[in-house]
Every structure is written in C-alpha cells, then in structure tokens.
file target-v7.txt (compact mmCIF, C-alpha atoms and all ligand atoms)
# COMPACT_ATOMS: atom_id res chain seq x y z
CA MET Q 1 -12.09 -17.56 -6.25
CA ALA Q 2 -9.53 -20.35 -6.43
CA ASP Q 3 -10.17 -20.70 -10.11
CA THR Q 4 -9.63 -17.04 -10.59
CA ALA Q 5 -6.37 -17.08 -8.68
CA ALA Q 6 -5.19 -20.07 -10.65
CA THR Q 7 -6.05 -18.37 -13.85
CA ALA Q 8 -4.20 -15.28 -12.75
CA ASP Q 9 -1.15 -17.34 -11.79
CA THR Q 10 -1.24 -19.07 -15.13
CA SER Q 11 -1.41 -15.79 -16.91
CA VAL Q 12 1.58 -14.45 -15.05
CA THR Q 13 3.52 -17.64 -15.56
CA GLU Q 14 2.80 -17.71 -19.23
CA THR Q 15 3.89 -14.16 -19.69
CA SER Q 16 6.90 -14.00 -17.39
CA THR Q 17 9.35 -13.61 -20.18
CA THR Q 18 11.75 -10.82 -21.01
CA THR Q 19 10.63 -10.38 -24.56
CA ALA Q 20 8.83 -7.27 -25.64
CA GLU Q 21 5.93 -9.47 -26.60
CA GLY Q 22 5.97 -10.99 -23.13
CA TYR Q 23 5.79 -7.64 -21.41
CA ARG Q 24 2.94 -6.64 -23.58
CA ARG Q 25 1.03 -9.81 -22.76
CA ARG Q 26 1.76 -9.60 -19.06
CA ASP Q 27 0.80 -5.94 -19.03
CA VAL Q 28 -2.56 -6.88 -20.46
CA LEU Q 29 -3.24 -10.11 -18.64
CA GLY Q 30 -1.98 -8.85 -15.28
CA ILE Q 31 -4.46 -6.00 -15.12
CA PRO Q 32 -7.08 -6.66 -12.44
CA ALA Q 33 -10.52 -7.21 -13.89
CA ASN Q 34 -12.02 -4.13 -12.25
CA THR Q 35 -9.24 -1.91 -13.66
CA ALA Q 36 -9.88 -3.29 -17.10
CA ALA Q 37 -13.57 -2.57 -16.67
CA VAL Q 38 -12.81 1.03 -15.68
CA ALA Q 39 -10.55 1.36 -18.69
CA ALA Q 40 -13.28 0.00 -20.93
CA ALA Q 41 -15.75 2.43 -19.41
CA GLY Q 42 -13.25 5.20 -20.02
CA VAL Q 43 -13.00 4.28 -23.68
CA GLY Q 44 -16.76 4.13 -23.88
CA GLY Q 45 -16.92 7.51 -22.19
CA VAL Q 46 -14.65 9.01 -24.82
CA ALA Q 47 -16.73 7.45 -27.55
CA VAL Q 48 -19.86 9.03 -26.07
CA LEU Q 49 -18.21 12.36 -25.34
CA VAL Q 50 -16.94 12.97 -28.87
CA PRO Q 51 -20.38 13.22 -30.49
CA LEU Q 52 -21.59 15.23 -27.49
CA ILE Q 53 -18.77 17.74 -27.84
CA SER Q 54 -19.27 17.95 -31.58
CA GLN Q 55 -22.95 18.66 -30.95
CA MET Q 56 -22.02 21.37 -28.44
CA ALA Q 57 -19.58 23.09 -30.82
CA PRO Q 58 -21.19 26.11 -32.48
CA SER Q 59 -22.18 25.60 -36.11
CA LYS Q 60 -20.87 27.87 -38.86
CA ASP Q 61 -24.25 29.64 -38.90
CA VAL Q 62 -24.01 30.38 -35.19
CA LEU Q 63 -20.43 31.59 -35.51
CA ALA Q 64 -21.44 33.90 -38.35
CA GLU Q 65 -24.25 35.29 -36.19
CA SER Q 66 -21.88 35.90 -33.31
CA SER Q 67 -20.21 38.83 -35.06
CA THR Q 68 -21.55 41.61 -37.24
CA GLU Q 69 -19.62 43.65 -39.77
CA VAL Q 70 -20.86 47.18 -40.37
CA ASP Q 71 -19.78 49.53 -43.14
CA VAL Q 72 -19.81 52.95 -41.51
CA SER Q 73 -18.58 54.91 -44.52
CA ALA Q 74 -22.02 56.21 -45.47
CA ILE Q 75 -22.94 57.50 -42.01
CA GLU Q 76 -22.66 61.25 -42.01
CA ALA Q 77 -22.06 63.39 -38.93
CA GLY Q 78 -25.30 63.62 -36.99
CA GLN Q 79 -26.67 60.43 -38.53
CA ALA Q 80 -27.15 57.03 -36.98
CA ILE Q 81 -28.00 53.62 -38.34
CA LYS Q 82 -29.56 50.54 -36.85
CA ALA Q 83 -27.92 47.19 -37.38
CA VAL Q 84 -28.43 43.81 -35.76
CA PHE Q 85 -25.95 42.10 -33.49
CA ARG Q 86 -26.78 38.70 -32.01
CA LYS Q 87 -30.43 39.29 -32.84
CA GLN Q 88 -30.51 42.55 -30.92
CA PRO Q 89 -30.54 46.12 -32.24
CA LEU Q 90 -27.22 47.86 -32.57
CA PHE Q 91 -26.87 51.62 -32.97
CA VAL Q 92 -23.94 53.14 -34.86
CA ARG Q 93 -23.80 56.90 -34.79
CA ARG Q 94 -21.35 59.47 -36.13
CA LEU Q 95 -21.30 62.42 -33.75
CA THR Q 96 -21.05 66.03 -34.86
CA PRO Q 97 -18.35 68.23 -33.30
CA GLN Q 98 -21.13 69.86 -31.27
CA GLU Q 99 -22.33 66.51 -29.95
CA ILE Q 100 -18.78 65.58 -28.97
CA ALA Q 101 -18.35 68.92 -27.21
CA ALA Q 102 -21.68 68.44 -25.40
CA ALA Q 103 -20.59 65.02 -24.16
CA ASP Q 104 -17.18 66.31 -23.06
CA ALA Q 105 -18.74 69.22 -21.17
CA VAL Q 106 -20.65 66.98 -18.75
CA PRO Q 107 -18.94 66.62 -15.33
CA LEU Q 108 -18.44 62.93 -14.59
CA SER Q 109 -19.62 63.53 -11.04
CA SER Q 110 -23.08 64.35 -12.38
CA LEU Q 111 -23.45 61.03 -14.18
CA ARG Q 112 -25.31 58.02 -12.84
CA ASP Q 113 -22.91 55.73 -14.70
CA PRO Q 114 -19.75 57.83 -15.05
CA GLN Q 115 -17.86 57.28 -18.28
CA THR Q 116 -16.17 59.67 -20.67
CA LEU Q 117 -16.88 59.67 -24.38
CA GLU Q 118 -13.26 58.57 -24.89
CA GLU Q 119 -13.88 55.52 -22.77
CA ARG Q 120 -16.94 54.67 -24.85
CA THR Q 121 -15.30 55.02 -28.25
CA LYS Q 122 -12.14 53.78 -29.95
CA GLU Q 123 -8.93 55.78 -30.05
CA GLY Q 124 -8.89 57.99 -33.11
CA HIS Q 125 -12.62 57.43 -33.67
CA LYS Q 126 -14.18 59.56 -30.99
CA ASP Q 127 -16.93 60.56 -33.41
CA MET Q 128 -18.12 56.99 -33.92
CA LEU Q 129 -20.41 55.81 -31.14
CA VAL Q 130 -21.34 52.12 -31.22
CA THR Q 131 -23.88 50.90 -28.66
CA MET Q 132 -26.52 48.29 -28.22
CA GLY Q 133 -29.98 49.63 -28.98
CA VAL Q 134 -31.44 48.14 -25.83
CA CYS Q 135 -32.59 50.31 -22.94
CA THR Q 136 -30.88 49.22 -19.74
CA HIS Q 137 -34.12 49.60 -17.78
CA LEU Q 138 -36.36 46.85 -19.13
CA GLY Q 139 -35.00 46.30 -22.60
CA CYS Q 140 -37.12 48.49 -24.89
CA VAL Q 141 -35.51 49.83 -28.06
CA PRO Q 142 -34.84 53.55 -27.58
CA LEU Q 143 -35.61 56.13 -30.24
CA GLY Q 144 -32.94 58.27 -31.83
CA ALA Q 145 -31.21 56.08 -34.36
CA GLY Q 146 -33.89 56.42 -37.01
CA GLU Q 147 -34.44 59.37 -39.32
CA GLY Q 148 -36.26 62.16 -37.45
CA GLU Q 149 -36.79 60.14 -34.30
CA ASN Q 150 -37.08 61.82 -30.91
CA ARG Q 151 -33.62 61.88 -29.32
CA GLY Q 152 -34.83 63.20 -25.99
CA GLU Q 153 -33.78 66.23 -24.05
CA TYR Q 154 -30.10 65.23 -23.92
CA GLY Q 155 -29.81 64.76 -27.66
CA GLY Q 156 -28.84 61.11 -27.64
CA TYR Q 157 -31.50 58.45 -27.38
CA PHE Q 158 -34.89 58.40 -25.74
CA CYS Q 159 -36.72 55.37 -24.46
CA PRO Q 160 -40.47 55.91 -24.77
CA CYS Q 161 -41.38 52.99 -22.52
CA HIS Q 162 -40.67 54.76 -19.24
CA GLY Q 163 -38.89 57.95 -20.28
CA SER Q 164 -35.18 57.21 -19.97
CA ALA Q 165 -33.09 59.84 -21.72
CA TYR Q 166 -29.53 59.23 -22.88
CA ASP Q 167 -27.04 61.90 -23.92
CA THR Q 168 -24.87 62.17 -27.03
CA ALA Q 169 -22.46 59.58 -25.59
CA ALA Q 170 -25.49 57.32 -24.93
CA ARG Q 171 -25.04 57.78 -21.18
CA ILE Q 172 -28.12 57.64 -18.97
CA ARG Q 173 -29.12 61.11 -17.84
CA LYS Q 174 -32.75 60.86 -16.80
CA GLY Q 175 -35.38 58.23 -16.13
CA PRO Q 176 -35.27 54.77 -14.58
CA ALA Q 177 -32.52 53.13 -16.65
CA PRO Q 178 -29.64 52.30 -14.28
CA THR Q 179 -26.74 52.32 -16.71
CA ASN Q 180 -25.53 53.72 -20.03
CA LEU Q 181 -26.39 51.98 -23.28
CA GLU Q 182 -23.96 49.09 -23.50
CA VAL Q 183 -20.94 49.42 -25.76
CA PRO Q 184 -20.32 45.96 -27.23
CA ASP Q 185 -16.91 44.53 -28.03
CA TYR Q 186 -15.91 45.73 -31.48
CA GLU Q 187 -12.94 46.85 -33.50
CA PHE Q 188 -12.22 48.84 -36.61
CA THR Q 189 -11.03 46.45 -39.29
CA SER Q 190 -10.48 49.39 -41.66
CA ASP Q 191 -11.18 53.12 -41.57
CA THR Q 192 -14.70 52.43 -42.77
CA THR Q 193 -15.59 49.04 -41.31
CA ILE Q 194 -16.21 47.80 -37.81
CA LEU Q 195 -16.51 44.22 -36.67
CA VAL Q 196 -18.77 43.80 -33.66
CA GLY Q 197 -18.43 40.72 -31.48
FE1 LIG J 201 -36.54 52.02 -21.26
FE2 LIG J 201 -38.06 51.42 -19.21
S1 LIG J 201 -37.41 50.12 -20.78
S2 LIG J 201 -37.21 53.32 -19.72

call {"tool": "encode", "arguments": {"input": "target-v7.txt", "output": "structure tokens", "more": "lines below"}}
Ligand code: FES
result
Amino acid sequence: MADTAATADTSVTETSTTTAEGYRRRDVLGIPANTAAVAAAGVGGVAVLVPLISQMAPSKDVLAESSTEVDVSAIEAGQAIKAVFRKQPLFVRRLTPQEIAAADAVPLSSLRDPQTLEERTKEGHKDMLVTMGVCTHLGCVPLGAGEGENRGEYGGYFCPCHGSAYDTAARIRKGPAPTNLEVPDYEFTSDTTILVG
C-alpha cells in the first residue's frame, strides 16, 4: 500500500507542471487504477459491440425482402393477383364499381371489425384493395385471388379451412376469423406501381 502511495505521489510530483504535456501526463497518471480498468473495459466493450451490431444489422438481401414492389397496371377490374410480401401471400385486387358499391352499402354497425373501404384503401385509389392473403383465424390462405376461385358468399375472399367469408373490402363477415384481412403498409410510387413495406 505504501509503495502504491509513494508511486502515486511520485507520479503527481513528476507531472505537476503547467505545460500542456504535463497536464496530459498528470491526467493519465493520476487516474485511479480501478477507473483505468473500467475505461479499458469500456474500450473493450466497444470493440466487442461493433462486430455484434454489424452482425445484427440487416443484410442487403433482408432489406430487399422487407419490401415488395408490385406493378398493378395489368390488373383489370374484377381481377386479383397474388404476390409475396415478407414470405407471406399478398392479395392485390382491382374492384369493379359494383364491388365498391357493395362494400359502401354495408352499415358499419353490422361489421365485426368496422372499417370503411376508404379506410382500407389509398386516397384516389379506392378501387385498389391491397391485403395480406392470410386468414386472421388461424392463418390459412383464403381463396378468391386466383382465377375462378371461390370468393364466398360476400364476394371477397373465402377461407376453406373453417369457413370464414370476407366481403369485397376483405372485411370479415362470417365464420370464426376475428378481424378483417390485414392491410399492410404500402404506398403508390406511381399510378401503376405500389411499394409494400
Ligand atoms: Fe381461416 Fe380458420 S384459418 S377460417
């Protein structure tokens, strides 16, 4: 202990000058050993964290998978297509005027998960319905997006697993599914292209 104190005194004595160099030396030598150890651990921690963080950052492949661009120009009124978004089915459907009218005619009070068609589509694109193709009951893929598939009694999508029926706004109308088909985050990047995610 005495040796340590003497060493510390010596260090302070040696560095008690008013030069910039002196302050630097005293700043270093005057640091208690445990503080220096913590500082060293901190540096080590940064050195370890950097590769960890770089490993946690999403790769370019993952980033590319996190969004899906869909060209909707070829979808005619009454048609739907299936795409893939984050490895799950995505339905993109262009509604006919009759399908829009049918959706608008439904009183919100009669819906299990009340939402208007406007709320489920983008402004100026009420005819373009973009939803996940995943039944909100237990995750089956509903029918209705493929050519000639059964759209159920409400004209939207029909889940054959347990009989959930969705209307033309993909809102749940019958069966065990608790909520409407999910509308993912997306935007129109042009009149004919949407970017999902
Ligand atoms: Fe669709 Fe059960 S998973 S009704």

call {"tool": "residues_near_ligand", "arguments": {"input": "target-v7.txt", "ligand": "ligand LIG 201 (chain J)", "cutoff": "8 Å", "atoms": "all atoms listed in the file", "output": "MDAnalysis selection string"}}
result
chainID Q and resid 134:142 158:165 175:177

call {"tool": "closest_residue", "arguments": {"input": "target-v7.txt", "among": "Q:Glu69, Q:Ala170, Q:Ser109, Q:Arg93", "to": "Ala145 of chain Q", "atoms": "all atoms listed in the file"}}
result
Q:Arg93

call {"tool": "atom_distance", "arguments": {"input": "target-v7.txt", "atom1": "atom CA of Gly144 of chain Q", "atom2": "atom CA of Glu123 of chain Q"}}
result
24.2 Å

call {"tool": "atom_distance", "arguments": {"input": "target-v7.txt", "atom1": "atom CA of Arg86 of chain Q", "atom2": "atom CA of Leu129 of chain Q"}}
result
18.3 Å

call {"tool": "closest_residue", "arguments": {"input": "target-v7.txt", "among": "Q:Leu111, Q:Leu143, Q:Ala103, Q:Val183", "to": "Asp167 of chain Q", "atoms": "all atoms listed in the file"}}
result
Q:Ala103

call {"tool": "atom_distance", "arguments": {"input": "target-v7.txt", "atom1": "atom CA of Pro107 of chain Q", "atom2": "atom CA of Phe91 of chain Q"}}
result
24.5 Å

call {"tool": "closest_residue", "arguments": {"input": "target-v7.txt", "among": "Q:Pro89, Q:Pro97, Q:Gly133, Q:Gly78", "to": "Tyr157 of chain Q", "atoms": "all atoms listed in the file"}}
result
Q:Gly133

call {"tool": "closest_residue", "arguments": {"input": "target-v7.txt", "among": "Q:Met128, Q:Thr68, Q:Thr179, Q:Arg171", "to": "Val106 of chain Q", "atoms": "only C-alpha atoms"}}
result
Q:Arg171

call {"tool": "closest_residue", "arguments": {"input": "target-v7.txt", "among": "Q:Thr131, Q:Ser190, Q:Asn150, Q:Ser73", "to": "Gln88 of chain Q", "atoms": "only C-alpha atoms"}}
result
Q:Thr131

call {"tool": "residues_near_point", "arguments": {"input": "target-v7.txt", "point": "(-24.1, 56.3, -14.7)", "cutoff": "9 Å", "atoms": "only C-alpha atoms", "output": "PyMOL selection string"}}
result
chain Q and resi 108+110-115+171-173+178-180

call {"tool": "closest_residue", "arguments": {"input": "target-v7.txt", "among": "Q:Ala80, Q:Leu95, Q:Leu195, Q:Ala169", "to": "Thr116 of chain Q", "atoms": "only C-alpha atoms"}}
result
Q:Ala169
